[in-house]
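Trainee: My questions all concern the structure below.
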Number of protein chains: 2
Amino acid sequence: MQAPLTPLEFASRARRLYSQREAVVDGKRRFTYNEFFDRCNRWSAVLQQLGVVPGDRVACIAPNTHALLASFYSVPQIGAVIVPVNYRLSADDFRYIIEHSGATVVCADGDFLDSIDRVRAQLSGARHFVAFDGSKPGWLSYEESLAAALPATDLAPIKEDDLLSINYTSGTTARPKGVMLTHRSIYLNILGRLAHTHMTSAERYLWTLPMFHVNGWAFVWTITAVGGTHVCLRKPEPNAIFELLRQEDVTLFCAAPTVLIGIANAPDDVRRIAPRGVRVLTAGAPPAAATIQRIEGELGWSVTHVYGLTEVSPIVTICEPRPEDDGLDVQATAKLKARQGVECIAAGEVRVFDDAGREVVHDGQTLGEIVMRGHAVMAGYYNDPAATAEAFRDGWFHSGDAAVIHPDGYLEIRDRWKDVIISGGENISSVEVEGILIQHPSVQEVAVVGMTHEKWGETPHAFVVLCTGANGEADLLRRFCREHLAHFKIPTEFHFVAELPKTATGKVQKHILRGGRSNLAAQ
Amino acid sequence: MQAPLTPLEFASRARRLYSQREAVVDGKRRFTYNEFFDRCNRWSAVLQQLGVVPGDRVACIAPNTHALLASFYSVPQIGAVIVPVNYRLSADDFRYIIEHSGATVVCADGDFLDSIDRVRAQLSGARHFVAFDGSKPGWLSYEESLAAALPATDLAPIKEDDLLSINYTSGTTARPKGVMLTHRSIYLNILGRLAHTHMTSAERYLWTLPMFHVNGWAFVWTITAVGGTHVCLRKPEPNAIFELLRQEDVTLFCAAPTVLIGIANAPDDVRRIAPRGVRVLTAGAPPAAATIQRIEGELGWSVTHVYGLTEVSPIVTICEPRPEDDGLDVQATAKLKARQGVECIAAGEVRVFDDAGREVVHDGQTLGEIVMRGHAVMAGYYNDPAATAEAFRDGWFHSGDAAVIHPDGYLEIRDRWKDVIISGGENISSVEVEGILIQHPSVQEVAVVGMTHEKWGETPHAFVVLCTGANGEADLLRRFCREHLAHFKIPTEFHFVAELPKTATGKVQKHILRGGRSNLAAQ
C-alpha cells in the first residue's frame, strides 16, 4: 500500500487539480497543465521509441525552455535518469559529461547543435540526437516527433531510491563529478522548502535560475507541486527580467548574487516598471547589504538567503527571519540576511564540525566545516567511488565550506574549509583577514593563505596588490591589522605582488600562492 | 546513509535550533524546548525502567496537558507505541481499549484515576499505572518519577514503517477500532500540511482540539516542527479560549465545528478581547456560512476547512482558496469554504469513485465515495484483519463518505455513503433531499432513507416530524419537492412520525428507519 516518494507525484496532482491552469509560458507559447503533461507524455513516448529504458541516461543541453522543463518529467517517468548539462561549458566538457554519464540520447537547444556535432565522432554511447528547436541534418526534431507521437501510457513504476538525475558539478580544478540524486531525496527537499517558502497556486515563477543548475534548485518540480506557473526565460538579463516581471505578474524567482546585483543596479527607467511584493530566493554567496537595501527598500521585494550544494538536492538551510529580530534597521537586517541560516525542515542534519568531528561552540567565532547527513544527501558520485569516499567521512557528507554558528543557532559561511589557516590550534578564516586588509586605503587586492611555520604549524601570509602610487609597507598593514584582528590572526608576512593568480572566472588560485612562495618577494 | 522519516526528527531539530524558545505553556508552567525535551527524555527513562521495550503499547488518558504532550515524544522515541484514549469514554471503553491494545503501562490524568481503578481488576495486560497529576494508592506519580530520573540516553533506533500510534475510532455501532499509524505516514502528513498552512517559528498554537483526537490531528508534532509554542488548554470553553488567545498572543488553533460555533456565538464582551488575525483550521463538518461570517467578518480571523479521518493520519484535503475566487462576497466565499477542498501535497491520492471504481464526473452533482491510497493511509486496524479487509478494496481505503467533485476539482461531502439511495441507477444524497424538506414550514425534523422498490431498486422515503399544529399532507410536501429537486430524487412515500430514532449523541439511526418501515404509518 506504500507509495514511492517522487516529485512525479506532484505532476499527477497538478494534472488532476489544476488541469486548466497555466503551467508554462515560454515566449509566445502557453500551455495549461493538461497541455503540458500531454506533451510530456508524448515526449516520453518518443524517448521510449528511441529505445530509452529504465536506468538509461538522457543528457539535455539547453537554456530555460519549455522543452527542457518537459524533460524533467518525460525522462524520469519512464524510469530513465536526466542529465542536465551546463550549456555554458565547452564542447569538450559536453563530450566528457555525455560520455561519463553514458547517455544514450542527447537533446540540445538549437544554439548547441554545432558544438555537439564538433565532438559527435568522439561520443561512443550516444545513439540518438534530438534538437529541442532548430533543425540540422543528423538531428531529430523534438516538435515533429512530439506531433507524431501518442502520449505514452506504459510509464515505468518508480522506486523511491531510483536515480532521478545526475547533476555534474562544475569542477574548477578537476573534471566535473556526477552527483546522483534520487526521487526520494528530491521529493523531501521540495516538501521541506515548501514548509518555509509559503507558496500558493497563485505563484508565477520566473526562470532566471538555469534549470541545469541542480534541476533549477529542484524548482522544476516545486512550482508544479503548488500548481503555479513556470515563466521561462532564456537569458537572465535585467531588461528581460523586468519586462517579464511586469507582463507576467511574476511573484517569485531565484537568483544567484550576480544576477541579483544586475537587477539591483538596473537603470531607473527599467526598475520603475517593477511590480511590488516579488519574493526572491538567493544562494551561492551572501547578498550584499547594498543589494538587499536596493531590492527590499526601493523595489519593495523580499530577499531570502538559502544555502545548499548540488550534493544535497540542493537546499539545506534557509535564513528564516526570527520573530526576535523584528524591527531591526535595514543595515542590521541585511547583516542577518547574509547568514546562511538554519537547517530546513526535512533537510536532514546540517552541522558544523571541528576537525575532531565535534560540533563547534555556538559563539559566532569558532570555525568548523559544514557537514550533512540524512534525507538531502546524494547517493554518491556517479562511477566515482574514490571521490564518493572522500566526500563522506564517518557517514557525514563534507561540504568543504567553513562556517561559524551564531548563538541563535544560525550558521554563517566564513571561508572554504581548505583555505582555513590552522595556527597554534586556532582556526583562522582567510576571508576574515582579507576583509580587514581590503579596508586599508593602500590595498587594492589581497589574498591570505596559510604557510607552514615551525612553531605554529601554519601562519597567515598576505599577498597584496597595492593601489597605484601606494607604498608597500608591511609594518603599516601589520599595525592596521592589530587594530581590527586578534593577535594570532595577523599575517606574519606580507608579500607585495603585481597581480594575483586567477582562474578564467576570476577566482584567486590560492593553491598557487601556497605553492609558489619562493617566486614572490616577501617583506 | 538514508534516515528514517519520523516526526521525532522535528524534536531534535527544535531542540537544536529553538532550545531557548518557549515550547509549552500549561497554566502557570512554562517550558523552553530545552526544558521540555529534557523532561521528555526523563519520562522515556521512567518508561524504560517500567520495562517498556520497543513495540510495547502505552495508553494515555488525559485532557490537553504538558504531560500528555510529552508522551507523544517520550513513548515513540524508545520505540514504543502511544495509544491516546478519548477521556470522554466510559470506564468500560477504557477497559476495552487498554485490553485490546495490550498496553502494558496506563497513564491517566488525576480526573480519571477512579474510572480506571473501577475496571483495574479486569485489566490483564497492564502492569503499571502512572498518574500524570494527583496521587492515589496504586498509582506512580509522574512528576516524582521524572524528578528522580536521569534523561534517557539509549533511545531506540526507529524504522520509518514502525508504528507510532494506535488511535481508537469512536465506533457508534460497534467497538472502537485501533487505527495503526506509522512514523512515515505521520511525518509525510505533517510535511504536506506545512506546504499549505504557512506556519512560522512565531506560531503560538492553542490546544482547543483534544490531543487524543488522532494525536491532535498530528499537531502535537507539527507545532514543534516549526519551532512554535504549544499553549495547553484542558477544556475548550469559549471564555477560557478568549482569555488565552489574548494572554498568550495565540496565532492559530484547530477546532471542530461545535467549538467553532461556541466561539462565534460567545458574548460580545468576551469576543471583544480577541486579537485579530488568528487562523483557524476546522474539520468534522463544514462550517456554516453564519459561523464563517461571524469569525472572519467580525473577529477578523481566517477559517480554513480541512478534511480527514483517523485512518489517514488524518488530514488529506484542504479547502485552499483559489486565486480565481478572489473578491467574491462573504456568502459566496462561505459556500466555497464549506467544501472539503483538494488533496494536500503529500497526502497521496484522494479520489471519489462510483460503485464500479471509476472517478465520478467533475460536475458537482454525481455522487461517489471518497477513497484514498498512498502516503497517508493507515497500516490497518490493530488485531482486526476482518475490519482491515473490509476497509480496503482493490488497494483503496474506503472512507464511507459520499461526495461530489465540482468542476474546479474541489470535492464536497454530501452524505455518508451507506445512506446514499440508488434509484434507477442514479445516486441520491439523502442529505440533499432532507435539506430541501426541512425548508418547508410544516417540517420540524426529517430523515430520508432508501427503501426497496420493485422497479427502481430503491426509492427515497421521507420520515417527517411535523411542527406542532401542522397537518401531515404528503401531496403538499411532494409538490414542494418538485419545485426544488430533480424528479427522481422526490420521495415516493412520506411517513409522518412523532419522533425519529436517535443515538445517545443525537444522530438519527437510519438503519432503524430502513428496517422498521412496517411499524410506521405511511401515506
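Each chain in the C-alpha cells gets a letter, A, B, ..., in the order shown, and its residues are numbered from 1; ligands are numbered from 1 in order too.
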Write out as a Markdown table the residues of chain A that have any atom within 7 Å of an atom of chain B, one row each with the nearest atom pair and its distance in Å to one decimal, counting only C-alpha atoms, sorted by chain and then rising number.

Mentor:
```
| residue | atom | partner | partner_atom | distance |
| --- | --- | --- | --- | --- |
| A:Met1 | CA | B:Gly374 | CA | 6.3 |
| A:Gln2 | CA | B:Gly374 | CA | 5.5 |
| A:Ala3 | CA | B:Gly374 | CA | 4.9 |
| A:Leu17 | CA | B:Gly409 | CA | 5.5 |
| A:Leu191 | CA | B:Leu191 | CA | 6.3 |
| A:Gly192 | CA | B:Leu191 | CA | 6.9 |
| A:Leu194 | CA | B:Ala195 | CA | 4.8 |
| A:Ala195 | CA | B:Leu194 | CA | 4.8 |
| A:His198 | CA | B:His198 | CA | 5.1 |
| A:Ala202 | CA | B:Pro323 | CA | 5.8 |
| A:Pro323 | CA | B:Ala202 | CA | 5.8 |
| A:Gly374 | CA | B:Ala3 | CA | 4.9 |
| A:His375 | CA | B:Ala3 | CA | 6.0 |
| A:Gly395 | CA | B:Met1 | CA | 6.6 |
| A:Gly409 | CA | B:Leu17 | CA | 5.5 |
```

Trainee: Given the selection you just returned, output its residues as a file containing C-alpha atoms, formatted as a short mmCIF file (atom, residue, chain, number, x, y, z; two decimals), in the first residue's frame.

Mentor:
```cif
data_model
loop_
_atom_site.label_atom_id
_atom_site.label_comp_id
_atom_site.auth_asym_id
_atom_site.auth_seq_id
_atom_site.Cartn_x
_atom_site.Cartn_y
_atom_site.Cartn_z
CA MET A 1 0.00 0.00 0.00
CA GLN A 2 3.04 2.29 0.40
CA ALA A 3 3.60 4.73 -2.46
CA LEU A 17 -6.31 19.58 -9.74
CA LEU A 191 8.47 19.32 0.69
CA GLY A 192 10.88 20.82 3.19
CA LEU A 194 7.53 24.39 0.92
CA ALA A 195 7.24 24.43 4.71
CA HIS A 198 4.88 29.65 1.79
CA ALA A 202 -1.28 31.75 -7.44
CA PRO A 323 10.44 36.95 15.46
CA GLY A 374 20.13 12.27 6.08
CA HIS A 375 17.36 12.92 3.59
CA GLY A 395 28.74 8.87 7.43
CA GLY A 409 21.85 28.76 16.06
#
```

Trainee: Among region 14-92 of chain B, which residues does DSSP mark as helix (DSSP H, G or I) when it is run on the backbone? Keep the chain and numbering as in the structure and answer as a ChimeraX atom specification.

Mentor: /B:14-17,33-49,66-74,76-78,91-92

Trainee: Now that the selection is made, can you save its residues with C-alpha atoms as a CSV table (one decimal), in the first residue's frame?

Mentor:
```
chain,number,residue,atom,x,y,z
B,14,ALA,CA,13.6,22.1,17.5
B,15,ARG,CA,15.9,21.2,20.4
B,16,ARG,CA,18.9,22.2,18.3
B,17,LEU,CA,17.5,25.4,16.8
B,33,TYR,CA,12.3,23.4,24.2
B,34,ASN,CA,15.4,22.5,26.1
B,35,GLU,CA,13.5,22.0,29.3
B,36,PHE,CA,10.6,20.3,27.6
B,37,PHE,CA,12.8,17.7,25.8
B,38,ASP,CA,14.8,17.2,29.0
B,39,ARG,CA,11.5,16.2,30.7
B,40,CYS,CA,10.6,14.0,27.6
B,41,ASN,CA,13.9,12.2,28.0
B,42,ARG,CA,13.4,11.7,31.7
B,43,TRP,CA,9.9,10.4,31.0
B,44,SER,CA,11.4,8.0,28.5
B,45,ALA,CA,13.8,6.8,31.1
B,46,VAL,CA,11.0,6.2,33.6
B,47,LEU,CA,9.1,4.2,31.0
B,48,GLN,CA,12.2,2.1,30.3
B,49,GLN,CA,12.5,1.5,34.0
B,66,HIS,CA,2.1,19.1,29.1
B,67,ALA,CA,2.4,15.6,30.4
B,68,LEU,CA,0.2,14.1,27.6
B,69,LEU,CA,2.1,16.3,25.0
B,70,ALA,CA,5.5,14.9,26.4
B,71,SER,CA,4.2,11.4,26.0
B,72,PHE,CA,3.9,11.9,22.2
B,73,TYR,CA,7.7,12.1,22.2
B,74,SER,CA,8.7,10.0,25.2
B,76,PRO,CA,7.8,6.7,20.5
B,77,GLN,CA,11.5,7.7,21.0
B,78,ILE,CA,12.0,4.5,23.0
B,91,ALA,CA,-14.7,3.2,32.2
B,92,ASP,CA,-15.8,0.1,30.2
```

Trainee: Measuring atom to atom with only C-alpha atoms, identify which of A:Ile438, A:Val130, A:Val433, A:Ala474 is nearest to Ile490 (chain A).

Mentor: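 Residue with the minimum atom-to-atom distance to Ile490 (chain A): A:Val433.
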
Trainee: As an exercise, work out the distance from CA of Glu99 (chain B) to CA of Phe219 (chain B) in Å and give it to one decimal place.

Mentor: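 Computed distance, CA of Glu99 (chain B) to CA of Phe219 (chain B), equals 26.9 Å.
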
Trainee: Pick out each residue of region 178-323 of chain B that DSSP on the backbone tags as strand (DSSP E or B); I need them as a ChimeraX atom specification.

Mentor: /B:178-182,204-206,229-231,252-255,279-282,302-308,315-318
